[in-house]
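K.L.:
I am sharing start-v7.txt, which consists of compact mmCIF, C-alpha atoms:
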# COMPACT_ATOMS: atom_id res chain seq x y z
CA MET A 9 0.00 0.00 0.00
CA THR A 10 1.38 3.42 -0.94
CA ASP A 11 0.22 6.97 -0.22
CA ALA A 12 2.27 8.42 -3.06
CA LYS A 13 0.42 11.19 -4.85
CA PRO A 14 0.38 11.44 -8.67
CA SER A 15 3.23 13.41 -10.15
CA LEU A 16 3.04 16.35 -12.50
CA ARG A 17 2.83 14.69 -15.90
CA LEU A 18 2.89 16.26 -19.37
CA THR A 19 2.28 13.53 -21.93
CA PRO A 20 3.08 13.58 -25.66
CA PHE A 21 0.09 13.57 -28.01
CA ARG A 22 -0.70 13.60 -31.71
CA ALA A 23 -1.72 17.18 -32.31
CA THR A 24 -4.49 18.11 -34.68
CA THR A 25 -3.35 21.02 -36.84
CA TYR A 26 -4.32 22.82 -40.01
CA ALA A 27 -3.10 21.16 -43.20
CA PRO A 28 0.17 22.33 -44.77
CA GLY A 29 -0.31 25.32 -47.03
CA THR A 30 -3.01 26.88 -44.84
CA ASP A 31 -2.75 30.62 -44.24
CA LEU A 32 -2.44 30.18 -40.50
CA ALA A 33 -2.71 33.89 -39.79
CA ALA A 34 -6.29 33.75 -41.10
CA VAL A 35 -7.43 30.75 -39.04
CA ILE A 36 -5.97 31.20 -35.55
CA CYS A 37 -7.28 33.44 -32.78
CA PRO A 38 -6.87 34.24 -29.06
CA PRO A 39 -8.60 32.19 -26.33
CA TYR A 40 -12.39 32.32 -26.37
CA ASP A 41 -12.74 34.37 -23.19
CA VAL A 42 -10.74 37.38 -24.38
CA ILE A 43 -12.58 37.80 -27.69
CA GLY A 44 -15.11 40.63 -27.66
CA ALA A 45 -18.10 40.89 -29.98
CA GLY A 46 -16.29 43.06 -32.52
CA ALA A 47 -13.22 40.83 -32.60
CA LEU A 48 -15.43 37.75 -32.93
CA GLU A 49 -16.95 39.10 -36.12
CA GLU A 50 -13.51 39.96 -37.47
CA PHE A 51 -12.16 36.45 -36.86
CA GLU A 52 -15.30 34.88 -38.31
CA ALA A 53 -14.91 36.98 -41.46
CA ALA A 54 -11.18 36.28 -41.78
CA ASP A 55 -11.74 32.72 -43.01
CA PRO A 56 -14.65 30.23 -43.02
CA HIS A 57 -12.30 27.81 -41.27
CA ASN A 58 -11.08 30.17 -38.57
CA ILE A 59 -10.99 28.17 -35.35
CA VAL A 60 -13.29 30.69 -33.69
CA HIS A 61 -16.15 29.03 -35.59
CA LEU A 62 -15.55 26.02 -33.32
CA THR A 63 -14.55 27.68 -30.05
CA LEU A 64 -17.38 30.25 -30.14
CA PRO A 65 -19.88 28.53 -32.47
CA ARG A 66 -22.79 30.58 -33.78
CA PRO A 67 -25.18 28.47 -35.87
CA GLY A 68 -27.23 30.28 -38.49
CA SER A 69 -30.43 29.47 -36.62
CA ALA A 70 -30.89 30.75 -33.09
CA ALA A 71 -32.67 27.49 -32.26
CA ALA A 72 -29.73 25.30 -33.30
CA ASP A 73 -27.50 23.66 -30.72
CA PRO A 74 -24.14 25.45 -30.92
CA TYR A 75 -22.20 22.44 -29.63
CA ARG A 76 -23.67 20.04 -32.18
CA PHE A 77 -23.02 22.69 -34.81
CA ALA A 78 -19.34 22.85 -33.78
CA ALA A 79 -19.08 19.05 -33.85
CA ALA A 80 -20.59 18.90 -37.34
CA GLU A 81 -18.27 21.66 -38.57
CA LEU A 82 -15.27 19.82 -37.14
CA ARG A 83 -16.26 16.63 -38.98
CA ARG A 84 -16.66 18.56 -42.23
CA TRP A 85 -13.25 20.17 -41.84
CA HIS A 86 -11.61 16.79 -41.28
CA GLU A 87 -13.40 15.26 -44.25
CA ALA A 88 -12.39 18.19 -46.47
CA GLY A 89 -8.74 17.90 -45.45
CA VAL A 90 -8.71 21.27 -43.71
CA LEU A 91 -7.34 19.63 -40.56
CA ARG A 92 -4.82 16.82 -40.15
CA ARG A 93 -3.38 14.87 -37.26
CA ASP A 94 0.32 14.42 -36.60
CA ALA A 95 1.59 10.93 -37.40
CA ALA A 96 3.39 10.40 -34.10
CA PRO A 97 3.00 11.71 -30.54
CA ALA A 98 5.17 14.63 -29.47
CA LEU A 99 5.54 17.37 -26.95
CA TYR A 100 5.54 20.76 -28.62
CA VAL A 101 7.63 23.78 -27.73
CA TYR A 102 5.41 26.80 -28.32
CA GLU A 103 6.52 30.43 -28.30
CA HIS A 104 4.24 33.46 -28.53
CA ARG A 105 6.05 36.77 -28.96
CA THR A 106 4.24 40.11 -28.76
CA PRO A 107 5.78 43.57 -29.17
CA GLY A 108 6.21 43.87 -25.41
CA ALA A 109 6.43 40.34 -24.00
CA SER A 110 6.86 36.67 -24.81
CA VAL A 111 5.99 33.24 -23.49
CA ILE A 112 7.63 29.91 -24.28
CA GLY A 113 7.03 26.45 -22.88
CA LEU A 114 5.90 22.90 -23.56
CA VAL A 115 2.47 21.87 -24.84
CA GLY A 116 1.19 18.41 -23.96
CA GLY A 117 -1.57 16.57 -22.16
CA VAL A 118 -1.34 17.37 -18.45
CA GLY A 119 -2.54 14.73 -16.00
CA LEU A 120 -5.62 16.09 -14.22
CA ASP A 121 -4.84 14.20 -11.01
CA GLY A 122 -1.42 15.82 -10.63
CA PRO A 123 -0.35 18.69 -8.35
CA ILE A 124 -2.03 21.57 -10.18
CA LEU A 125 -3.07 24.53 -8.06
CA PRO A 126 -5.91 26.84 -9.04
CA HIS A 127 -5.72 30.40 -7.74
CA GLU A 128 -9.13 31.76 -8.78
CA ASN A 129 -12.72 30.72 -8.28
CA THR A 130 -14.85 29.91 -11.31
CA PHE A 131 -18.36 30.58 -12.58
CA PRO A 132 -20.50 27.48 -13.23
CA GLY A 133 -21.85 28.77 -16.56
CA PRO A 134 -18.53 28.97 -18.45
CA VAL A 135 -17.44 25.60 -17.02
CA ALA A 136 -20.62 23.94 -18.28
CA ASP A 137 -20.23 25.70 -21.65
CA ARG A 138 -16.65 24.50 -22.20
CA ALA A 139 -17.48 20.98 -20.98
CA ALA A 140 -20.42 20.77 -23.39
CA LEU A 141 -18.19 21.89 -26.28
CA MET A 142 -15.50 19.32 -25.41
CA THR A 143 -18.08 16.57 -25.06
CA ALA A 144 -19.76 17.33 -28.38
CA THR A 145 -16.57 17.75 -30.40
CA ARG A 146 -14.49 15.17 -28.52
CA SER A 147 -11.68 17.71 -28.69
CA GLN A 148 -9.69 20.13 -26.59
CA PHE A 149 -9.11 23.15 -28.80
CA GLU A 150 -7.42 25.61 -26.45
CA PRO A 151 -4.41 24.94 -24.22
CA ILE A 152 -4.68 26.27 -20.71
CA LEU A 153 -1.64 28.12 -19.35
CA LEU A 154 0.29 26.58 -16.43
CA THR A 155 3.42 27.87 -14.75
CA TYR A 156 5.86 26.24 -12.35
CA ASP A 157 9.10 26.96 -10.50
CA GLY A 158 11.56 25.08 -12.66
CA ASP A 159 14.93 26.03 -14.15
CA GLY A 160 15.60 22.33 -14.77
CA VAL A 161 16.16 19.85 -17.55
CA ALA A 162 12.69 20.36 -19.04
CA SER A 163 13.59 23.98 -19.67
CA ASP A 164 16.88 22.90 -21.19
CA VAL A 165 14.84 20.90 -23.71
CA VAL A 166 12.71 23.99 -24.44
CA ASP A 167 15.73 26.24 -24.92
CA ALA A 168 17.58 23.72 -27.08
CA ALA A 169 14.60 23.44 -29.43
CA ALA A 170 14.16 27.21 -29.56
CA ALA A 171 17.76 27.58 -30.71
CA THR A 172 16.84 25.79 -33.96
CA SER A 173 14.55 26.72 -36.84
CA PRO A 174 10.89 26.22 -35.91
CA ASP A 175 8.76 23.57 -37.57
CA VAL A 176 5.92 26.10 -37.84
CA GLN A 177 5.99 29.89 -37.63
CA VAL A 178 3.23 32.38 -38.30
CA THR A 179 2.93 36.14 -37.89
CA ALA A 180 -0.57 37.31 -36.98
CA GLY A 181 -0.75 41.07 -36.73
CA ARG A 182 2.17 42.08 -34.53
CA ASP A 183 2.43 38.69 -32.81
CA VAL A 184 4.71 35.83 -33.85
CA HIS A 185 3.89 32.20 -33.00
CA SER A 186 6.50 29.44 -33.35
CA ILE A 187 6.32 25.68 -32.78
CA TRP A 188 8.95 22.96 -32.51
CA ARG A 189 8.17 19.23 -32.22
CA VAL A 190 10.00 17.25 -29.53
CA THR A 191 9.95 13.53 -30.34
CA ALA A 192 13.32 12.14 -29.24
CA ASP A 193 12.86 9.54 -26.50
CA ASP A 194 15.75 10.86 -24.41
CA ALA A 195 14.30 14.38 -24.43
CA LEU A 196 10.80 13.14 -23.55
CA ASP A 197 12.19 10.98 -20.74
CA ALA A 198 14.22 13.92 -19.39
CA VAL A 199 11.14 16.15 -19.35
CA ALA A 200 9.08 13.50 -17.54
CA ALA A 201 11.76 12.96 -14.88
CA ASP A 202 12.22 16.68 -14.28
CA LEU A 203 8.53 17.49 -13.97
CA ALA A 204 7.71 14.57 -11.67
CA GLY A 205 8.65 16.51 -8.55
CA ARG A 206 7.14 19.84 -9.58
CA THR A 207 3.87 21.62 -8.79
CA ALA A 208 2.07 23.76 -11.35
CA LEU A 209 -0.13 26.83 -10.93
CA ILE A 210 -3.03 27.53 -13.28
CA ALA A 211 -2.09 30.91 -14.75
CA ASP A 212 -4.94 31.06 -17.27
CA GLY A 213 -7.79 28.68 -18.04
CA HIS A 214 -9.45 27.93 -14.70
CA HIS A 215 -12.82 27.35 -16.38
CA ARG A 216 -11.32 25.08 -19.02
CA PHE A 217 -9.43 23.11 -16.37
CA ALA A 218 -12.66 22.67 -14.40
CA ALA A 219 -14.32 21.60 -17.65
CA TYR A 220 -11.56 19.02 -18.23
CA ARG A 221 -12.35 17.53 -14.85
CA SER A 222 -16.08 17.66 -15.47
CA VAL A 223 -15.72 15.75 -18.75
CA HIS A 224 -13.43 13.21 -17.10
CA ALA A 225 -15.89 12.72 -14.23
CA ALA A 226 -18.63 12.03 -16.78
CA HIS A 227 -16.43 9.66 -18.82
CA PRO A 228 -13.93 8.13 -16.38
CA GLN A 229 -13.64 4.97 -18.45
CA GLU A 230 -11.98 6.92 -21.29
CA PRO A 231 -8.25 7.35 -20.54
CA ALA A 232 -7.92 10.38 -22.82
CA THR A 233 -10.27 12.44 -20.64
CA GLY A 234 -7.82 12.17 -17.75
CA TYR A 235 -5.54 14.66 -19.48
CA GLY A 236 -6.03 18.25 -20.57
CA LEU A 237 -4.31 20.28 -23.27
CA ALA A 238 -1.89 22.67 -21.56
CA LEU A 239 1.08 24.97 -22.13
CA LEU A 240 3.52 24.57 -19.23
CA VAL A 241 5.88 27.51 -18.66
CA ASP A 242 8.91 27.72 -16.39
CA ALA A 243 8.35 30.78 -14.16
CA THR A 244 12.03 30.94 -13.21
CA ARG A 245 13.55 30.94 -16.67
CA HIS A 246 10.65 32.36 -18.67
CA PRO A 247 8.42 34.39 -16.30
CA LEU A 248 4.96 35.38 -17.45
CA GLU A 249 3.50 38.86 -17.56
CA LEU A 250 0.81 39.47 -14.92
CA ARG A 251 -2.02 41.98 -15.36
CA GLY A 252 -5.27 42.74 -13.60
CA ILE A 253 -8.72 42.30 -15.12
CA HIS A 254 -10.95 45.38 -15.27
CA ARG A 255 -14.73 45.49 -14.86
CA SER A 256 -17.52 47.41 -16.53
CA ILE A 257 -20.93 47.58 -14.88
CA ALA A 258 -23.80 48.33 -17.24
CA GLY A 259 -26.53 50.65 -16.02
CA LEU A 260 -24.61 52.08 -13.04
CA SER A 261 -23.96 55.72 -13.85
CA PHE A 262 -20.67 57.39 -13.03
CA ASP A 263 -22.37 59.77 -10.59
CA ASP A 264 -24.22 56.96 -8.79
CA ALA A 265 -21.03 54.91 -8.65
CA VAL A 266 -19.16 57.80 -7.02
CA ALA A 267 -22.02 58.44 -4.60
CA GLY A 268 -21.85 54.84 -3.43
CA ALA A 269 -18.06 54.66 -3.36
CA VAL A 270 -17.66 57.72 -1.15
CA LYS A 271 -19.24 55.78 1.72
CA GLY A 272 -16.18 53.51 1.84
CA PHE A 273 -13.32 55.30 0.06
CA GLU A 274 -11.67 58.64 -0.33
CA VAL A 275 -12.76 59.79 -3.81
CA VAL A 276 -10.38 62.03 -5.77
CA PRO A 277 -11.59 63.57 -9.06
CA LEU A 278 -9.23 63.03 -12.01
CA PRO A 279 -9.00 64.69 -15.43
CA ASP A 280 -10.33 62.56 -18.27
CA THR A 281 -6.78 62.48 -19.67
CA ALA A 282 -5.40 60.79 -16.55
CA ASP A 283 -3.19 57.74 -17.14
CA ALA A 284 -5.04 55.20 -15.00
CA PRO A 285 -2.18 52.65 -14.74
CA ALA A 286 0.25 55.39 -13.66
CA VAL A 287 -2.22 56.78 -11.13
CA LEU A 288 -2.78 53.35 -9.61
CA ALA A 289 0.91 52.49 -9.59
CA ALA A 290 1.57 55.56 -7.44
CA GLU A 291 -0.79 54.35 -4.70
CA ALA A 292 0.72 52.42 -1.79
CA THR A 293 -2.50 50.69 -0.75
CA THR A 294 -5.64 49.39 -2.46
CA ALA A 295 -6.95 51.77 -5.10
CA PHE A 296 -9.19 51.82 -8.18
CA VAL A 297 -9.96 54.25 -10.99
CA LEU A 298 -13.57 54.75 -12.07
CA GLY A 299 -14.21 55.82 -15.64
CA ALA A 300 -17.09 56.51 -18.01
CA GLY A 301 -17.41 59.09 -20.75
CA SER A 302 -15.34 62.06 -19.58
CA GLY A 303 -15.63 61.18 -15.89
CA ARG A 304 -12.65 59.83 -13.95
CA ALA A 305 -12.12 59.36 -10.23
CA LEU A 306 -9.55 57.68 -8.01
CA LEU A 307 -10.80 55.55 -5.11
CA ARG A 308 -8.27 55.07 -2.32
CA SER A 309 -7.85 54.77 1.45
CA ALA A 310 -10.67 52.32 2.11
CA ASN A 311 -12.44 53.00 5.42
CA PRO A 312 -11.16 50.27 7.80
CA SER A 313 -14.42 49.78 9.67
CA VAL A 314 -16.49 49.62 6.49
CA LEU A 315 -13.97 47.17 5.02
CA ASP A 316 -14.15 45.00 8.15
CA ASP A 317 -17.93 44.83 7.85
CA ALA A 318 -17.77 43.99 4.13
CA ILE A 319 -15.35 41.06 4.31
CA PRO A 320 -17.17 37.79 5.05
CA ALA A 321 -15.97 35.63 7.90
CA GLY A 322 -13.55 32.87 7.01
CA ARG A 323 -11.59 34.72 4.35
CA PRO A 324 -7.88 33.75 4.30
CA ASP A 325 -5.16 35.83 5.92
CA GLY A 326 -4.20 38.85 3.86
CA TRP A 327 -7.56 38.99 2.07
CA ARG A 328 -8.25 42.62 3.03
CA HIS A 329 -5.00 43.69 1.34
CA LEU A 330 -5.89 42.19 -2.06
CA ASP A 331 -7.26 44.74 -4.52
CA ALA A 332 -9.44 42.08 -6.15
CA ALA A 333 -10.95 41.08 -2.81
CA VAL A 334 -11.71 44.68 -1.84
CA LEU A 335 -13.24 45.21 -5.28
CA VAL A 336 -15.59 42.24 -4.96
CA ASP A 337 -16.49 42.37 -1.26
CA LEU A 338 -16.46 46.10 -0.54
CA LEU A 339 -16.91 48.16 -3.71
CA LEU A 340 -19.20 45.87 -5.71
CA GLY A 341 -20.91 43.92 -2.96
CA ARG A 342 -21.28 46.30 -0.02
CA LEU A 343 -21.29 49.78 -1.57
CA TRP A 344 -22.97 49.07 -4.91
CA GLY A 345 -25.01 45.99 -4.02
CA ILE A 346 -23.82 44.09 -7.09
CA ASP A 347 -22.61 40.49 -7.14
CA ASP A 348 -19.51 39.88 -9.25
CA ALA A 349 -21.47 37.20 -11.14
CA ASP A 350 -24.25 39.65 -12.05
CA SER A 351 -24.98 39.75 -15.78
CA ARG A 352 -24.37 43.51 -15.76
CA VAL A 353 -20.70 42.92 -14.90
CA ALA A 354 -18.32 42.40 -17.83
CA TYR A 355 -14.60 41.67 -17.76
CA HIS A 356 -11.89 43.39 -19.79
CA HIS A 357 -8.17 42.88 -20.31
CA ASP A 358 -7.77 46.39 -21.75
CA ASP A 359 -8.61 49.51 -19.71
CA GLY A 360 -9.70 51.47 -22.78
CA ASP A 361 -12.09 48.71 -23.79
CA ALA A 362 -13.55 48.70 -20.28
CA VAL A 363 -14.26 52.45 -20.39
CA ARG A 364 -15.69 52.33 -23.91
CA THR A 365 -17.96 49.41 -23.02
CA ALA A 366 -19.15 51.11 -19.85
CA THR A 367 -19.88 54.35 -21.69
CA ARG A 368 -21.93 52.57 -24.37
CA ALA A 369 -23.89 50.68 -21.70
CA GLY A 370 -24.65 53.74 -19.58
CA GLY A 371 -22.41 52.33 -16.88
CA VAL A 372 -19.06 52.71 -15.22
CA ALA A 373 -15.69 50.98 -15.55
CA VAL A 374 -13.52 49.94 -12.61
CA LEU A 375 -9.85 49.91 -13.58
CA VAL A 376 -7.48 47.85 -11.46
CA ARG A 377 -3.76 47.19 -11.20
CA PRO A 378 -2.11 43.77 -11.40
CA PRO A 379 -1.99 41.68 -8.24
CA ALA A 380 1.39 40.78 -6.79
CA LEU A 381 2.54 37.35 -7.97
CA SER A 382 3.72 36.61 -4.42
CA ASP A 383 0.13 37.08 -3.16
CA VAL A 384 -1.26 34.78 -5.86
CA LEU A 385 1.28 32.05 -5.08
CA ALA A 386 0.88 32.40 -1.32
CA LEU A 387 -2.90 31.96 -1.50
CA ALA A 388 -2.69 29.05 -3.93
CA GLY A 389 -0.10 27.34 -1.75
CA ARG A 390 -2.51 27.49 1.20
CA GLY A 391 -5.31 26.05 -0.89
CA ALA A 392 -7.12 29.39 -1.02
CA ARG A 393 -8.37 31.13 -4.15
CA MET A 394 -8.64 34.71 -5.28
CA PRO A 395 -11.95 36.16 -6.50
CA ARG A 396 -12.98 35.13 -9.97
CA LYS A 397 -11.32 36.94 -12.87
CA SER A 398 -8.64 38.56 -10.71
CA THR A 399 -5.55 37.91 -12.79
CA SER A 400 -4.48 37.87 -16.41
CA PHE A 401 -1.22 36.05 -17.08
CA GLY A 402 0.27 36.23 -20.53
CA PRO A 403 0.99 36.30 -23.31
CA LYS A 404 -1.64 33.60 -23.70
CA PRO A 405 -1.35 30.70 -26.16
CA TRP A 406 -3.49 31.23 -29.23
CA THR A 407 -6.03 28.74 -30.48
CA GLY A 408 -5.80 26.69 -33.67
CA LEU A 409 -2.10 25.86 -33.72
CA LEU A 410 -2.22 22.72 -31.55
CA MET A 411 -5.43 20.84 -30.73
CA ARG A 412 -5.96 17.56 -28.89
CA GLU A 413 -8.59 15.00 -29.84
CA LEU A 414 -10.19 12.80 -27.19
CA ALA A 415 -11.15 10.18 -29.75
CA SER A 416 -8.70 7.37 -30.44
CA GLY A 417 -6.97 7.82 -27.09
CA GLY A 418 -6.07 11.48 -27.46
CA GLY A 419 -2.42 10.53 -27.90
Starting from the file, lay out its structure as C-alpha cells.
P.N.:
Amino acid sequence: MTDAKPSLRLTPFRATTYAPGTDLAAVICPPYDVIGAGALEEFEAADPHNIVHLTLPRPGSAAADPYRFAAAELRRWHEAGVLRRDAAPALYVYEHRTPGASVIGLVGGVGLDGPILPHENTFPGPVADRAALMTATRSQFEPILLTYDGDGVASDVVDAAAATSPDVQVTAGRDVHSIWRVTADDALDAVAADLAGRTALIADGHHRFAAYRSVHAAHPQEPATGYGLALLVDATRHPLELRGIHRSIAGLSFDDAVAGAVKGFEVVPLPDTADAPAVLAAEATTAFVLGAGSGRALLRSANPSVLDDAIPAGRPDGWRHLDAAVLVDLLLGRLWGIDDADSRVAYHHDDGDAVRTATRAGGVAVLVRPPALSDVLALAGRGARMPRKSTSFGPKPWTGLLMRELASGGG
C-alpha cells in the first residue's frame, strides 16, 4: 500500500493542426474568453475555417444547438482535409512573442490528477459551456496556461529546441507564434523525470481546467479524458507577464457609482486624460480608478471599519489587502449591491475597452492594477483562491495551432 500522490505529468500527443499550405494567420485566434463581440466578427470573417467558428460557435439558426453545430463543422473540416493529425506523438515547444512580452514552454496533455493549483474561483456557466463543447466535439481546442518553478532539464529541452529553426511559424498582426516538435525519447524521458517533482499553478484557463475535470468525471472509463491540453511555462527561466482584469458595470452611472463609493473610500476627481495605470501604480495601498465618458475618479484609502464589515468571515489571511478582494467584497458587494457574477458585470483585459464598453452601456468601468505574484502564489499554496477573474497572465497561447482529440486515445 502506498500513499504516493500522482506526479506532474505532461504527456506527448498527436496534435491536430491545419493542413500544410493553410494561411495560419487567417485561421488562428486568441482564447475564447478574451474575444469581444467586434473581434469575434472579425475572426469569423477572416476565413470560413477560422478556429473561432468552433470555439465560439454561432449556428445560423438561433434554435440550433451550438455544440452540435461545432461538432458537425469539425467533422466537415476533417473530411475536407482542412485539418490533419500528426503521425506520431510529441511534446511541442510553443513560443508566442508580442511587441512587449513573450511566453515559451511545452504543450502536452497534463494529468488532471497531478499537483495543479488553481488560484481563482470559477463561474458554473462557463465551465458547463466549455465541458459541453468538449463533449460534443471530442476535442480540446485551447491549451490552458500553467506555470511552475523550474529552471531544470525540461527547460533545457525547451531552450535547445528554440535555438533551432521552428517547424511552424506564423505572424498574426504584430504577434509571432513558433512551434517545434520534440519527439526524441531521451528528451521526452528527461522532461518526464524533471517534472515529476514539480507543482504547477493555473495561470490562465481555470474554467477550461474545471471543464476538463467535469468531462473526465462524466467519462472516467476513457483514458484520454484524464488529461487536458496545456502549455507549461517555467516561471524561473521564462516568467509570465501578470495583469489585472478590469470590470464594466452596465446601467450604473458614473455619478451613482461615485455616490456609493464615497461611503467607503476617499474619492479624488481626475481629469479625463489621466493615465489610470500610472495613477494606480503611485498608490501604496488598495486603489481603483472609475471611468465613463469624460468622468474619472480615483478611489483610495478604504475606510477600515467599512472594510471590516464587508469582508465575510472565514476569508484567508491577507484577504483585506488584495485589490481584487476589496473590489468584490467592498466596492461591488457592499457599496454598490452588485454580485460579481451579475450579468451587468463584464470583464476586460484592456482599460480602454472597459471604459468604452461602460460608456456605451450607460455604466461605469472599474480599472485595477495587477496583483502581486507573491500574493497569488501564497494563497494558492494554502489552498485558497482569489476572487474570480482577478488575474491575467500572458501572453496567452493562441487557439488553432495545436489541438488535442479525445477520440482514439487522445495521444
K.L.:
Taking into account only C-alpha atoms, which residue in the set A:His329, A:Arg93, A:Arg83, A:Lys397 is nearest to A:Ala310?
P.N.:
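Nearest candidate to A:Ala310 out of A:His329, A:Arg93, A:Arg83, A:Lys397: A:His329.
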K.L.:
What lies within 9 Å of stretch 351-367 of chain A using all atoms listed in the file, ignoring chain neighbours under 4 positions off, as a list in words?
P.N.:
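What passes the distance filter is Val42, Gly44, Arg251, Gly252, Ile253, His254, Arg255, Ser256, Ile257, Ala258, Gly259, Leu260, Ser261, Ala284, Pro285, Leu298, Gly299, Ala300, Gly301, Ile346, Asp347, Gly371, Val372, Ala373, Val374, Leu375, Val376, Lys397 and Ser400 of chain A.
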K.L.:
Point out the residue among A:Phe296, A:Ser382, A:Ala269, A:Arg393 with the least atom-to-atom distance to A:Arg323, counting only C-alpha atoms.
P.N.:
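Of the candidates, the smallest distance to A:Arg323 is held by A:Arg393.
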K.L.:
Between A:Pro228, A:Arg22, A:Pro14, A:Ile187, which residue has the minimum interatomic distance to A:Ala204, considering all atoms listed in the file?
P.N.:
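Looking only at the distances to A:Ala204, the closest residue turns out to be A:Pro14.
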K.L.:
Calculated over all atoms listed in the file, which of the candidates A:His215, A:Arg92, A:Arg308, A:His61 has the smallest distance to A:Thr30?
P.N.:
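The shortest atom-to-atom distance to A:Thr30 comes from A:Arg92.
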K.L.:
Work out how far apart atom CA of A:Leu338 and atom CA of A:Arg304 are and give it in Å to one decimal.
P.N.:
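Answer for the atom CA of A:Leu338 to atom CA of A:Arg304 separation: 19.6 Å.
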K.L.:
Would you mind listing what lies within 10 Å of A:Asp331 as a ChimeraX atom specification, with only C-alpha atoms counted and same-chain residues fewer than 4 positions away left out?
P.N.:
/A:252,293-296,327,335-336,376-380,395,398
K.L.:
Please determine, counting all atoms listed in the file, which residue among A:Leu120, A:Leu48, A:Ile36, A:Leu99 has the shortest atom-to-atom distance to A:Ala200.
P.N.:
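Smallest separation from A:Ala200 among the options: A:Leu99.
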K.L.:
List as a list of chain:residue names the protein and nucleic acid residues near A:Tyr100, meaning an atom at most 8 Å away when only C-alpha atoms are counted, but skip any in the same chain fewer than 3 places from it.
P.N.:
A:Leu114, A:Val115, A:Gly116, A:Ile187, A:Trp188, A:Arg189, A:Val190
K.L.:
Here is a test: counting only C-alpha atoms, which residue of A:Arg206, A:Arg138, A:Arg396, A:Arg342 is nearest to A:Ala243?
P.N.:
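For A:Ala243, the nearest of the given residues is A:Arg206.
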K.L.:
Which neighbours of stretch 141-148 of chain A fall inside 8 Å, counting all atoms listed in the file, when residues of the same chain fewer than 2 positions from it are skipped, and could you give them as a PyMOL selection string?
P.N.:
chain A and resi 63+75-76+78-79+82+137-139+150-151+223+236-237+411-415
K.L.:
Can you pull out the residues contacting A:Leu91? Cut-off 7 Å, using all atoms listed in the file, and skip same-chain residues under 5 positions away; I want them as a count of residues only.
P.N.:
6
K.L.:
Kindly give the distance, in Å, that separates atom CA of A:Leu385 and atom CA of A:Pro126, rounded to a single decimal.
P.N.:
9.7 Å
K.L.:
Work out how far apart atom CA of A:Ala47 and atom CA of A:Leu64 are and give it in Å to one decimal.
P.N.:
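Those two atoms sit 11.6 Å apart.
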K.L.:
Provide an axis-aligned box for all listed atoms of stretch 333-347 of chain A, padding each side by 6 Å; report its centre and its edge lengths in Å to one decimal, as AutoDock Vina command-line options.
P.N.:
--center_x -18.0 --center_y 45.1 --center_z -3.6 --size_x 26.1 --size_y 21.3 --size_z 19.1
K.L.:
If I put a ball of radius 6 Å at (-22.0, 52.0, -4.6) in the file's coordinates, which residues poke into it when counting only C-alpha atoms, written as a ChimeraX atom specification?
P.N.:
/A:265,268-269,343-344
